[in-house]
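A.B. asks: Structure file query20.pdb (PDB, C-alpha atoms) is given on the next line.
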```
MODEL        1
ATOM      1  CA  MET T   1      32.549 -23.019   3.693
ATOM      2  CA  VAL T   2      30.902 -19.919   2.266
ATOM      3  CA  LYS T   3      27.861 -18.890   4.238
ATOM      4  CA  ARG T   4      24.802 -17.385   2.629
ATOM      5  CA  LEU T   5      22.082 -15.200   4.025
ATOM      6  CA  LYS T   6      18.968 -16.972   5.208
ATOM      7  CA  MET T   7      16.246 -14.964   3.521
ATOM      8  CA  TRP T   8      12.463 -14.830   3.609
ATOM      9  CA  ASN T   9      12.347 -17.656   1.080
ATOM     10  CA  ASP T  10      13.583 -16.030  -2.145
ATOM     11  CA  LYS T  11      13.557 -12.429  -0.857
ATOM     12  CA  ARG T  12      15.824 -10.330   1.313
ATOM     13  CA  TYR T  13      12.812  -8.633   2.823
ATOM     14  CA  HIS T  14       9.656  -9.650   4.656
ATOM     15  CA  SER T  15       7.298  -9.743   1.701
ATOM     16  CA  LEU T  16       3.506  -9.839   1.894
ATOM     17  CA  ASN T  17       3.508 -13.133   0.014
ATOM     18  CA  TYR T  18       5.791 -14.676   2.640
ATOM     19  CA  PHE T  19       3.729 -13.259   5.516
ATOM     20  CA  LEU T  20       0.426 -14.545   4.125
ATOM     21  CA  ARG T  21       1.784 -17.996   3.338
ATOM     22  CA  GLU T  22       3.158 -18.284   6.857
ATOM     23  CA  LYS T  23      -0.112 -17.099   8.387
ATOM     24  CA  PHE T  24      -2.604 -19.006   6.243
ATOM     25  CA  LYS T  25      -0.419 -21.889   4.983
ATOM     26  CA  GLU T  26      -1.337 -21.314   1.335
ATOM     27  CA  LYS T  27      -1.348 -18.702  -1.394
ATOM     28  CA  VAL T  28      -3.618 -15.711  -0.686
ATOM     29  CA  TYR T  29      -4.774 -13.112  -3.232
ATOM     30  CA  LYS T  30      -6.220  -9.651  -2.872
ATOM     31  CA  ILE T  31      -9.533  -8.830  -4.515
ATOM     32  CA  SER T  32      -9.662  -5.055  -5.122
ATOM     33  CA  LEU T  33     -13.141  -3.630  -4.616
ATOM     34  CA  ASP T  34     -14.888  -0.306  -5.159
ATOM     35  CA  ALA T  35     -17.648   0.048  -2.574
ATOM     36  CA  GLY T  36     -18.981   3.309  -4.018
ATOM     37  CA  PHE T  37     -17.623   5.524  -1.243
ATOM     38  CA  SER T  38     -16.438   9.096  -1.709
ATOM     39  CA  CYS T  39     -13.699  11.066   0.063
ATOM     40  CA  PRO T  40     -13.832  14.202   2.253
ATOM     41  CA  ASN T  41     -11.025  15.567   0.135
ATOM     42  CA  ARG T  42     -13.222  15.178  -2.957
ATOM     43  CA  ASP T  43     -16.786  15.979  -1.903
ATOM     44  CA  GLY T  44     -16.142  19.468  -0.572
ATOM     45  CA  THR T  45     -15.908  18.608   3.122
ATOM     46  CA  LEU T  46     -12.184  19.365   3.018
ATOM     47  CA  ASN T  47     -11.695  20.111  -0.643
ATOM     48  CA  GLY T  48     -13.245  19.438  -4.008
ATOM     49  CA  THR T  49     -10.216  18.205  -5.900
ATOM     50  CA  GLY T  50      -8.559  15.562  -3.731
ATOM     51  CA  CYS T  51      -4.853  14.837  -3.436
ATOM     52  CA  ILE T  52      -3.220  16.246  -6.549
ATOM     53  CA  PHE T  53      -1.868  12.848  -7.671
ATOM     54  CA  CYS T  54      -5.123  10.947  -7.193
ATOM     55  CA  SER T  55      -6.847   9.550 -10.274
ATOM     56  CA  GLU T  56     -10.480   9.963 -11.210
ATOM     57  CA  ARG T  57     -11.204   6.542  -9.693
ATOM     58  CA  GLY T  58      -9.739   7.471  -6.325
ATOM     59  CA  SER T  59      -6.606   5.337  -6.749
ATOM     60  CA  GLY T  60      -8.833   2.351  -7.474
ATOM     61  CA  ASP T  61      -8.082   2.083 -11.179
ATOM     62  CA  PHE T  62      -7.756  -1.697 -11.024
ATOM     63  CA  ALA T  63     -10.611  -2.261  -8.581
ATOM     64  CA  GLY T  64     -14.009  -3.683  -9.438
ATOM     65  CA  ASP T  65     -16.862  -1.705 -10.945
ATOM     66  CA  ARG T  66     -18.727   0.342  -8.317
ATOM     67  CA  ASN T  67     -21.923  -0.094 -10.294
ATOM     68  CA  PHE T  68     -21.978  -3.736  -9.197
ATOM     69  CA  SER T  69     -22.489  -5.263  -5.776
ATOM     70  CA  ILE T  70     -19.564  -6.338  -3.631
ATOM     71  CA  GLN T  71     -20.465  -9.955  -4.301
ATOM     72  CA  LYS T  72     -20.487  -9.522  -8.098
ATOM     73  CA  GLN T  73     -17.198  -7.627  -8.060
ATOM     74  CA  PHE T  74     -15.695 -10.352  -5.915
ATOM     75  CA  ASP T  75     -17.046 -13.127  -8.137
ATOM     76  CA  ASP T  76     -15.858 -11.486 -11.352
ATOM     77  CA  ILE T  77     -12.329 -10.814 -10.113
ATOM     78  CA  SER T  78     -11.858 -14.135  -8.326
ATOM     79  CA  TYR T  79     -13.046 -15.939 -11.476
ATOM     80  CA  MET T  80     -10.340 -14.208 -13.514
ATOM     81  CA  MET T  81      -7.727 -15.108 -10.906
ATOM     82  CA  GLU T  82      -8.766 -18.734 -10.897
ATOM     83  CA  LYS T  83      -7.900 -18.908 -14.596
ATOM     84  CA  LYS T  84      -4.263 -18.132 -13.703
ATOM     85  CA  TRP T  85      -3.990 -19.768 -10.270
ATOM     86  CA  LYS T  86      -5.971 -22.882  -9.501
ATOM     87  CA  SER T  87      -6.025 -22.600  -5.724
ATOM     88  CA  GLY T  88      -5.754 -20.061  -2.955
ATOM     89  CA  LYS T  89      -7.667 -17.913  -0.490
ATOM     90  CA  TYR T  90      -8.755 -14.282  -0.732
ATOM     91  CA  ILE T  91      -8.553 -10.890   0.938
ATOM     92  CA  PRO T  92     -11.279  -8.426  -0.064
ATOM     93  CA  TYR T  93      -9.444  -5.120  -0.457
ATOM     94  CA  PHE T  94     -11.560  -1.988  -0.175
ATOM     95  CA  GLN T  95      -9.268   0.141  -2.301
ATOM     96  CA  ALA T  96     -11.004   2.987  -4.125
ATOM     97  CA  TYR T  97     -11.464   6.364  -2.419
ATOM     98  CA  THR T  98     -11.895   6.441   1.405
ATOM     99  CA  ASN T  99     -13.284   3.200   2.743
ATOM    100  CA  THR T 100     -14.317   4.316   6.217
ATOM    101  CA  TYR T 101     -16.123   7.417   4.924
ATOM    102  CA  ALA T 102     -19.736   6.343   5.413
ATOM    103  CA  GLU T 103     -22.274   5.717   8.136
ATOM    104  CA  PRO T 104     -21.390   2.775  10.402
ATOM    105  CA  ALA T 105     -24.406   0.791   9.210
ATOM    106  CA  VAL T 106     -23.235   1.135   5.590
ATOM    107  CA  LEU T 107     -19.705   0.094   6.485
ATOM    108  CA  ARG T 108     -20.989  -2.977   8.329
ATOM    109  CA  GLU T 109     -23.104  -3.983   5.367
ATOM    110  CA  LYS T 110     -20.272  -3.639   2.836
ATOM    111  CA  TYR T 111     -17.622  -5.309   4.989
ATOM    112  CA  GLN T 112     -19.930  -8.176   5.939
ATOM    113  CA  GLU T 113     -20.828  -8.840   2.325
ATOM    114  CA  ALA T 114     -17.121  -9.008   1.511
ATOM    115  CA  ILE T 115     -16.014 -11.372   4.258
ATOM    116  CA  SER T 116     -19.005 -13.655   3.614
ATOM    117  CA  GLN T 117     -17.627 -14.684   0.221
ATOM    118  CA  GLU T 118     -16.184 -18.156  -0.133
ATOM    119  CA  GLY T 119     -12.473 -18.452   0.533
ATOM    120  CA  VAL T 120     -12.053 -15.150   2.395
ATOM    121  CA  VAL T 121      -9.460 -15.249   5.198
ATOM    122  CA  ALA T 122      -8.820 -11.551   5.880
ATOM    123  CA  LEU T 123     -10.045  -8.019   5.222
ATOM    124  CA  SER T 124      -8.057  -4.991   4.000
ATOM    125  CA  ILE T 125      -9.407  -1.439   4.230
ATOM    126  CA  ALA T 126      -7.688   1.580   2.690
ATOM    127  CA  THR T 127      -8.620   4.920   4.215
ATOM    128  CA  ARG T 128      -7.505   8.332   5.445
ATOM    129  CA  PRO T 129      -6.226   8.905   9.000
ATOM    130  CA  ASP T 130      -8.806  11.673   9.472
ATOM    131  CA  CYS T 131     -11.727   9.303   8.769
ATOM    132  CA  LEU T 132     -11.425   7.118  11.846
ATOM    133  CA  ASP T 133     -13.786   8.483  14.472
ATOM    134  CA  ARG T 134     -14.915   6.401  17.442
ATOM    135  CA  GLU T 135     -17.937   4.897  15.682
ATOM    136  CA  VAL T 136     -15.799   3.817  12.735
ATOM    137  CA  LEU T 137     -13.175   2.373  15.063
ATOM    138  CA  ASP T 138     -15.917   0.360  16.764
ATOM    139  CA  VAL T 139     -16.913  -1.114  13.391
ATOM    140  CA  LEU T 140     -13.304  -1.991  12.565
ATOM    141  CA  SER T 141     -12.862  -3.603  15.977
ATOM    142  CA  GLU T 142     -16.011  -5.641  15.395
ATOM    143  CA  PHE T 143     -14.689  -7.034  12.110
ATOM    144  CA  SER T 144     -11.223  -7.566  13.524
ATOM    145  CA  GLY T 145     -12.906  -9.983  15.910
ATOM    146  CA  LYS T 146     -14.366 -11.905  12.968
ATOM    147  CA  VAL T 147     -11.430 -12.069  10.563
ATOM    148  CA  TYR T 148      -7.838 -10.853  10.361
ATOM    149  CA  THR T 149      -8.237  -7.159   9.473
ATOM    150  CA  PHE T 150      -5.647  -4.565   8.551
ATOM    151  CA  VAL T 151      -6.090  -0.892   7.744
ATOM    152  CA  GLU T 152      -4.039   0.913   5.096
ATOM    153  CA  LEU T 153      -3.313   4.594   5.732
ATOM    154  CA  GLY T 154      -2.148   6.982   3.006
ATOM    155  CA  LEU T 155       0.631   8.956   4.690
ATOM    156  CA  GLN T 156       2.744   9.362   1.503
ATOM    157  CA  THR T 157       5.331  11.597   3.239
ATOM    158  CA  VAL T 158       6.321  12.628   6.745
ATOM    159  CA  SER T 159       6.717  16.228   5.548
ATOM    160  CA  ASP T 160       3.701  18.391   6.344
ATOM    161  CA  LYS T 161       5.069  20.944   3.883
ATOM    162  CA  THR T 162       4.868  18.386   1.075
ATOM    163  CA  GLY T 163       1.576  17.164   2.471
ATOM    164  CA  ARG T 164       0.051  20.604   2.076
ATOM    165  CA  MET T 165       1.534  20.964  -1.394
ATOM    166  CA  ILE T 166      -0.080  17.724  -2.554
ATOM    167  CA  ASN T 167      -3.350  18.727  -0.840
ATOM    168  CA  ARG T 168      -3.271  15.750   1.525
ATOM    169  CA  GLY T 169      -5.701  17.487   3.849
ATOM    170  CA  TYR T 170      -4.223  16.599   7.246
ATOM    171  CA  ASP T 171      -0.975  17.038   9.175
ATOM    172  CA  LEU T 172       1.226  14.460  10.865
ATOM    173  CA  PRO T 173      -0.396  14.483  14.350
ATOM    174  CA  VAL T 174      -3.641  13.221  12.762
ATOM    175  CA  PHE T 175      -1.788  10.239  11.314
ATOM    176  CA  GLU T 176      -0.094   9.528  14.636
ATOM    177  CA  GLU T 177      -3.416   9.560  16.478
ATOM    178  CA  ALA T 178      -4.950   7.194  13.925
ATOM    179  CA  VAL T 179      -2.098   4.721  14.389
ATOM    180  CA  ARG T 180      -2.436   4.872  18.184
ATOM    181  CA  ASN T 181      -6.190   4.310  18.030
ATOM    182  CA  LEU T 182      -5.933   1.366  15.638
ATOM    183  CA  ARG T 183      -3.142  -0.285  17.582
ATOM    184  CA  ALA T 184      -5.096   0.126  20.825
ATOM    185  CA  LEU T 185      -7.644  -2.160  19.151
ATOM    186  CA  ASP T 186      -4.871  -4.552  18.049
ATOM    187  CA  ILE T 187      -5.580  -3.772  14.383
ATOM    188  CA  ASP T 188      -2.563  -3.956  12.083
ATOM    189  CA  VAL T 189      -1.585  -0.753  10.270
ATOM    190  CA  VAL T 190      -0.091  -0.603   6.770
ATOM    191  CA  VAL T 191       1.301   2.755   5.631
ATOM    192  CA  HIS T 192       1.471   4.007   2.050
ATOM    193  CA  VAL T 193       4.596   5.942   1.044
ATOM    194  CA  ILE T 194       5.140   7.697  -2.293
ATOM    195  CA  PHE T 195       8.612   8.346  -3.685
ATOM    196  CA  GLY T 196       9.065  11.097  -6.257
ATOM    197  CA  LEU T 197       6.661  13.725  -4.914
ATOM    198  CA  PRO T 198       7.374  17.239  -6.251
ATOM    199  CA  GLY T 199      10.220  19.001  -4.463
ATOM    200  CA  GLU T 200      11.243  16.064  -2.289
ATOM    201  CA  THR T 201      14.923  15.132  -2.128
ATOM    202  CA  ARG T 202      16.350  11.694  -1.568
ATOM    203  CA  GLU T 203      16.965  12.703   2.041
ATOM    204  CA  ASP T 204      13.312  13.740   2.430
ATOM    205  CA  MET T 205      12.122  10.373   1.178
ATOM    206  CA  LEU T 206      14.481   8.417   3.422
ATOM    207  CA  ASN T 207      13.427  10.572   6.382
ATOM    208  CA  THR T 208       9.852   9.372   5.887
ATOM    209  CA  VAL T 209      11.023   5.773   6.196
ATOM    210  CA  LYS T 210      13.272   6.543   9.178
ATOM    211  CA  TYR T 211      10.254   8.057  10.907
ATOM    212  CA  LEU T 212       8.146   4.967  10.150
ATOM    213  CA  SER T 213      10.897   2.670  11.422
ATOM    214  CA  GLY T 214      10.141   3.948  14.927
ATOM    215  CA  MET T 215       6.353   3.704  14.645
ATOM    216  CA  ASP T 216       4.107   0.884  15.817
ATOM    217  CA  ILE T 217       3.139  -0.165  12.307
ATOM    218  CA  GLN T 218       2.964  -3.618  10.789
ATOM    219  CA  GLY T 219       3.356  -2.956   7.079
ATOM    220  CA  VAL T 220       4.532  -0.504   4.418
ATOM    221  CA  LYS T 221       3.564  -0.040   0.790
ATOM    222  CA  PHE T 222       6.082   1.736  -1.427
ATOM    223  CA  HIS T 223       4.704   3.554  -4.439
ATOM    224  CA  LEU T 224       6.419   5.379  -7.262
ATOM    225  CA  LEU T 225       4.699   8.659  -8.081
ATOM    226  CA  HIS T 226       2.700   8.110 -11.260
ATOM    227  CA  LEU T 227       1.583  11.171 -13.164
ATOM    228  CA  MET T 228      -1.765  10.415 -14.746
ATOM    229  CA  LYS T 229      -3.880  12.367 -17.159
ATOM    230  CA  ASP T 230      -6.577  14.678 -15.796
ATOM    231  CA  THR T 231      -5.046  14.938 -12.322
ATOM    232  CA  PRO T 232      -4.217  18.336 -10.745
ATOM    233  CA  MET T 233      -0.537  17.389 -10.679
ATOM    234  CA  VAL T 234      -0.368  17.687 -14.472
ATOM    235  CA  HIS T 235      -0.250  21.477 -14.056
ATOM    236  CA  LEU T 236       2.936  21.199 -11.973
ATOM    237  CA  TYR T 237       4.504  18.987 -14.615
ATOM    238  CA  GLU T 238       3.627  21.432 -17.381
ATOM    239  CA  ARG T 239       5.276  24.240 -15.404
ATOM    240  CA  GLY T 240       8.457  22.206 -14.895
ATOM    241  CA  LYS T 241       7.901  21.697 -11.166
ATOM    242  CA  LEU T 242       7.761  17.915 -11.319
ATOM    243  CA  VAL T 243      10.772  15.829 -12.323
ATOM    244  CA  PHE T 244      10.344  12.076 -12.604
ATOM    245  CA  LEU T 245      12.631   9.707 -10.741
ATOM    246  CA  GLU T 246      14.843   7.533 -12.893
ATOM    247  CA  MET T 247      14.427   3.808 -12.463
ATOM    248  CA  GLU T 248      17.876   3.445 -10.868
ATOM    249  CA  GLU T 249      17.025   6.150  -8.305
ATOM    250  CA  TYR T 250      13.767   4.498  -7.366
ATOM    251  CA  VAL T 251      15.276   1.031  -7.105
ATOM    252  CA  SER T 252      18.017   2.223  -4.748
ATOM    253  CA  LEU T 253      15.546   4.228  -2.654
ATOM    254  CA  VAL T 254      13.279   1.237  -2.111
ATOM    255  CA  ALA T 255      16.099  -1.133  -1.203
ATOM    256  CA  GLU T 256      17.827   1.362   1.107
ATOM    257  CA  SER T 257      14.470   2.160   2.726
ATOM    258  CA  ILE T 258      13.636  -1.470   3.420
ATOM    259  CA  ALA T 259      17.062  -1.893   5.016
ATOM    260  CA  LEU T 260      16.019   0.829   7.490
ATOM    261  CA  LEU T 261      12.828  -0.948   8.567
ATOM    262  CA  PRO T 262      12.501  -3.495  11.378
ATOM    263  CA  GLN T 263      12.295  -7.058  10.159
ATOM    264  CA  GLN T 264       8.829  -7.687  11.560
ATOM    265  CA  VAL T 265       7.338  -4.979   9.296
ATOM    266  CA  VAL T 266       5.720  -6.582   6.254
ATOM    267  CA  ILE T 267       6.542  -5.066   2.868
ATOM    268  CA  HIS T 268       3.191  -5.093   1.087
ATOM    269  CA  ARG T 269       4.447  -3.536  -2.137
ATOM    270  CA  THR T 270       7.710  -2.316  -3.645
ATOM    271  CA  THR T 271       6.210  -0.696  -6.730
ATOM    272  CA  GLY T 272       2.730  -0.011  -8.046
ATOM    273  CA  ASP T 273       0.788   0.087 -11.289
ATOM    274  CA  ALA T 274      -0.903   2.772 -13.345
ATOM    275  CA  PRO T 275      -3.196   2.282 -16.337
ATOM    276  CA  ARG T 276      -1.135   2.506 -19.520
ATOM    277  CA  ASP T 277      -3.706   4.698 -21.249
ATOM    278  CA  LEU T 278      -3.651   7.253 -18.404
ATOM    279  CA  LEU T 279       0.049   7.310 -17.569
ATOM    280  CA  ILE T 280       2.101  10.368 -18.525
ATOM    281  CA  GLY T 281       5.211   9.197 -16.722
ATOM    282  CA  PRO T 282       7.576   7.804 -15.768
ATOM    283  CA  MET T 283       7.050   5.332 -18.582
ATOM    284  CA  TRP T 284       9.693   2.907 -17.346
ATOM    285  CA  SER T 285       7.291   2.023 -14.532
ATOM    286  CA  LEU T 286       5.212   0.025 -17.015
ATOM    287  CA  ASN T 287       7.983  -2.611 -17.025
ATOM    288  CA  LYS T 288       6.964  -3.820 -13.581
ATOM    289  CA  TRP T 289       8.856  -7.118 -13.557
ATOM    290  CA  GLU T 290      12.019  -5.372 -14.670
ATOM    291  CA  VAL T 291      11.693  -2.986 -11.717
ATOM    292  CA  LEU T 292      10.992  -5.808  -9.254
ATOM    293  CA  ASN T 293      13.978  -7.793 -10.505
ATOM    294  CA  ALA T 294      16.200  -4.715 -10.302
ATOM    295  CA  ILE T 295      15.223  -4.228  -6.659
ATOM    296  CA  ASP T 296      16.133  -7.846  -5.870
ATOM    297  CA  ASP T 297      19.443  -7.406  -7.703
ATOM    298  CA  TYR T 298      20.221  -4.230  -5.744
ATOM    299  CA  PHE T 299      19.727  -6.066  -2.455
ATOM    300  CA  ARG T 300      22.164  -8.782  -3.503
ATOM    301  CA  ASP T 301      24.728  -6.502  -5.142
ATOM    302  CA  HIS T 302      24.902  -4.224  -2.069
ATOM    303  CA  ASP T 303      24.596  -7.009   0.512
ATOM    304  CA  LEU T 304      21.426  -5.473   1.942
ATOM    305  CA  TYR T 305      18.506  -7.068   3.729
ATOM    306  CA  GLN T 306      15.557  -5.752   5.695
ATOM    307  CA  GLY T 307      16.625  -4.437   9.080
ATOM    308  CA  LYS T 308      20.351  -4.256   8.298
ATOM    309  CA  ASN T 309      20.449  -0.478   8.711
ATOM    310  CA  HIS T 310      18.025  -0.680  11.629
ATOM    311  CA  GLY T 311      20.676  -2.515  13.610
ATOM    312  CA  GLU T 312      19.243  -5.995  13.131
ATOM    313  CA  THR T 313      21.127  -9.049  11.952
ATOM    314  CA  LYS T 314      19.953 -11.956   9.857
ATOM    315  CA  GLU T 315      20.781 -15.592  10.355
ATOM    316  CA  TYR T 316      23.377 -17.120   8.073
ATOM    317  CA  ILE T 317      23.360 -20.719   6.922
ATOM    318  CA  GLY T 318      25.786 -22.827   4.956
TER     319      GLY T 318
ENDMDL
END
```
Write the structure described by the file as structure tokens, please.
C.D. replies:
Amino acid sequence: MVKRLKMWNDKRYHSLNYFLREKFKEKVYKISLDAGFSCPNRDGTLNGTGCIFCSERGSGDFAGDRNFSIQKQFDDISYMMEKKWKSGKYIPYFQAYTNTYAEPAVLREKYQEAISQEGVVALSIATRPDCLDREVLDVLSEFSGKVYTFVELGLQTVSDKTGRMINRGYDLPVFEEAVRNLRALDIDVVVHVIFGLPGETREDMLNTVKYLSGMDIQGVKFHLLHLMKDTPMVHLYERGKLVFLEMEEYVSLVAESIALLPQQVVIHRTTGDAPRDLLIGPMWSLNKWEVLNAIDDYFRDHDLYQGKNHGETKEYIG
């Protein structure tokens, strides 16, 4: 009898959808919010331009409108989702800019408004590792006691050389301290990684994932570098210092990277989105379902699964 790999339902990796269904016993959706925060890498505290890939909306191009309250943003987005999916629970996702970059009282107010909405089962907060002082950590700990809370940190690359080139604004020890502090509070950490940053080789990108495979983190988000109009990175592209990844390169990088990660790490994303009207390239990224299907095909065609190259085995059935 031919045996087949017992997967995480229909995936060969520990997907966010699988994790949330197991945890909450039903479908759960993210509601992307813009709380009106800024960023120390934008307001002049560190720099006035931000990371060179970051869009005008602080990587919150699909989030709600910051001119509206958290409740209205939540209502508007959840209403649109209910047209497509008739049931499910929600995770307010503070996505745009740096979502711990405010006074503790302001953070409490915004977070509380979000988790008070009907159907909310968790809270997601995207921020910078250098914006987690003790007072902020106390606020996060407080909300972690109310609802399942995870914090998303934008590492992008393990290379401090690349980090300085993209104007990240902090070096690796700052990230490591942030992870330690969050984990000491039993708060889950999700790390953002970008493939295709200027000057990075395939080995550089895989080294970032190898580094993360030994960290006490609970999730990873993989992003393809999107070049968008009116970002500082456009100047590098115009000078020939930015070469886009081909779809086949990206697909293999994601699959090989996931195979390096421990099986308990949740894969929150394998590719991202960029607004069509702002995107300069790579244009193939607009075919999101084609990319997602290609990643699944690569796993099957190369007999890969999450953890395989981390020394872990997966149960076979048949």
A.B. asks: Contacts of Tyr93 of chain T at 9 Å or less, counting all atoms listed in the file, minus same-chain residues fewer than 4 places along, as an MDAnalysis selection string?
C.D. replies: chainID T and resid 30:34 63 114 123:126
A.B. asks: Skipping near chain neighbours, those fewer than 3 positions away, what residues fall within 9 Å of segment 252-260 of chain T using all atoms listed in the file, listed as a list in words?
C.D. replies: Tyr13, Phe195, Arg202, Met205, Leu206, Val209, Lys210, Ser213, Phe222, Met247, Glu248, Glu249, Gln263, Ile267, Thr270, Thr271, Ile295, Asp296, Tyr298, Phe299, Leu304, Tyr305, Gln306, Gly307, Lys308, Asn309, His310 and Gly311 of chain T
A.B. asks: Grab the residues selected above and save them as a CSV table (one decimal), in the coordinates of the input with C-alpha atoms.
C.D. replies:
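Contents of again22.csv, as written:
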```
chain,number,residue,atom,x,y,z
T,13,TYR,CA,12.8,-8.6,2.8
T,195,PHE,CA,8.6,8.3,-3.7
T,202,ARG,CA,16.4,11.7,-1.6
T,205,MET,CA,12.1,10.4,1.2
T,206,LEU,CA,14.5,8.4,3.4
T,209,VAL,CA,11.0,5.8,6.2
T,210,LYS,CA,13.3,6.5,9.2
T,213,SER,CA,10.9,2.7,11.4
T,222,PHE,CA,6.1,1.7,-1.4
T,247,MET,CA,14.4,3.8,-12.5
T,248,GLU,CA,17.9,3.4,-10.9
T,249,GLU,CA,17.0,6.2,-8.3
T,263,GLN,CA,12.3,-7.1,10.2
T,267,ILE,CA,6.5,-5.1,2.9
T,270,THR,CA,7.7,-2.3,-3.6
T,271,THR,CA,6.2,-0.7,-6.7
T,295,ILE,CA,15.2,-4.2,-6.7
T,296,ASP,CA,16.1,-7.8,-5.9
T,298,TYR,CA,20.2,-4.2,-5.7
T,299,PHE,CA,19.7,-6.1,-2.5
T,304,LEU,CA,21.4,-5.5,1.9
T,305,TYR,CA,18.5,-7.1,3.7
T,306,GLN,CA,15.6,-5.8,5.7
T,307,GLY,CA,16.6,-4.4,9.1
T,308,LYS,CA,20.4,-4.3,8.3
T,309,ASN,CA,20.4,-0.5,8.7
T,310,HIS,CA,18.0,-0.7,11.6
T,311,GLY,CA,20.7,-2.5,13.6
```
A.B. asks: Set the distance at 10 Å and use only C-alpha atoms: which residues neighbour Glu103 of chain T once local chain neighbours fewer than 4 positions away are removed? I'd like the list as number ranges by chain.
C.D. replies: T: 107-108, 135-136
A.B. asks: Those same residues, written as a compact mmCIF listing (two decimals), in the frame of the given file with C-alpha atoms?
C.D. replies:
```
# COMPACT_ATOMS: atom_id res chain seq x y z
CA LEU T 107 -19.70 0.09 6.48
CA ARG T 108 -20.99 -2.98 8.33
CA GLU T 135 -17.94 4.90 15.68
CA VAL T 136 -15.80 3.82 12.74
```
A.B. asks: Between atom CA of Phe244 of chain T and atom CA of Leu172 of chain T, what distance in Å does the model show, to one decimal?
C.D. replies: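 Atom CA of Phe244 of chain T sits 25.3 Å away from atom CA of Leu172 of chain T.
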A.B. asks: Kindly give the distance, in Å, that separates atom CA of Pro92 of chain T and atom CA of Met80 of chain T, rounded to a single decimal.
C.D. replies: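 Atom CA of Pro92 of chain T sits 14.7 Å away from atom CA of Met80 of chain T.
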A.B. asks: Around (-12.4, -10.3, 10.6) in the file's frame, which residues reach within 12 Å when counting only C-alpha atoms? Return as a ChimeraX atom specification?
C.D. replies: /T:91-92,108,111-116,120-125,139-151,187-188
A.B. asks: Determine the nearest neighbour of Thr98 of chain T from the options T:Gly119, T:Ile70, T:Lys86, T:Phe37, counting all atoms listed in the file.
C.D. replies: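 Among the listed residues, the smallest separation from Thr98 of chain T belongs to T:Phe37.
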A.B. asks: I'd like the contact shell of Cys51 of chain T - 8 Å cut-off, all atoms listed in the file, skipping same-chain residues fewer than 6 positions apart - returned as a list in words.
C.D. replies: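 The filter keeps Asn41, Ile166, Asn167, Arg168 and Gly169 of chain T.
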A.B. asks: Counting all atoms listed in the file, which of T:Ala102, T:Ile52, T:Ala184, T:Leu132 gets nearest to Arg164 of chain T?
C.D. replies: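 Of all the options, T:Ile52 lies closest to Arg164 of chain T.
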A.B. asks: Kindly give the distance, in Å, that separates atom CA of Glu82 of chain T and atom CA of Arg276 of chain T, rounded to a single decimal.
C.D. replies: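 Spanning atom CA of Glu82 of chain T to atom CA of Arg276 of chain T is a straight-line distance of 24.2 Å.
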A.B. asks: Would you kindly return, as a PDB file with C-alpha atoms, keeping the file's coordinate frame, each protein, DNA or RNA residue with an atom no farther than 10 Å from any atom of segment 235-241 of chain T, considering only C-alpha atoms and excluding same-chain residues fewer than 2 positions away?
C.D. replies:
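File produced: around-v6.pdb:
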```
ATOM      1  CA  ILE T  52      -3.220  16.246  -6.549  1.00  0.00           C
ATOM      2  CA  PRO T 198       7.374  17.239  -6.251  1.00  0.00           C
ATOM      3  CA  GLY T 199      10.220  19.001  -4.463  1.00  0.00           C
ATOM      4  CA  LEU T 227       1.583  11.171 -13.164  1.00  0.00           C
ATOM      5  CA  ASP T 230      -6.577  14.678 -15.796  1.00  0.00           C
ATOM      6  CA  THR T 231      -5.046  14.938 -12.322  1.00  0.00           C
ATOM      7  CA  PRO T 232      -4.217  18.336 -10.745  1.00  0.00           C
ATOM      8  CA  MET T 233      -0.537  17.389 -10.679  1.00  0.00           C
ATOM      9  CA  VAL T 243      10.772  15.829 -12.323  1.00  0.00           C
ATOM     10  CA  PHE T 244      10.344  12.076 -12.604  1.00  0.00           C
ATOM     11  CA  ILE T 280       2.101  10.368 -18.525  1.00  0.00           C
TER      12      ILE T 280
END
```
A.B. asks: I would like the residues chosen by the PyMOL selection byres ((chain T and resi 173) around 12) on the shown file; could you give them as a PyMOL selection string?
C.D. replies: chain T and resi 129-130+155+158-160+170-172+174-180
A.B. asks: Check what the PyMOL selection byres ((chain T and resi 196) around 6) selects in the file above and give those residues as a list in words.
C.D. replies: Phe195, Leu197, Leu225 and Leu245 of chain T
A.B. asks: Would you compute an axis-aligned box for segment 18-33 of chain T, covering every atom listed for it in the file with 3 Å of margin on each side, and report centre and edge lengths in Å to one decimal as AutoDock Vina command-line options?
C.D. replies:
```
--center_x -3.7 --center_y -12.8 --center_z 1.6 --size_x 24.9 --size_y 24.3 --size_z 19.5
```
A.B. asks: So, counting all atoms listed in the file, which residue among T:Arg42, T:His226, T:Lys288, T:His14 is closest to His268 of chain T?
C.D. replies: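 For His268 of chain T, the nearest of the given residues is T:His14.
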A.B. asks: I need the output of the PyMOL selection byres ((chain T and resi 154) around 7) for this file as number ranges by chain; which residues are they?
C.D. replies: T: 127-128, 152-153, 155-156, 191-192
A.B. asks: Closest to Pro40 of chain T among T:Tyr101, T:Gly272, T:Phe94, T:Val190, using all atoms listed in the file?
C.D. replies: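 Between T:Tyr101, T:Gly272, T:Phe94, T:Val190, the residue approaching Pro40 of chain T most closely is T:Tyr101.
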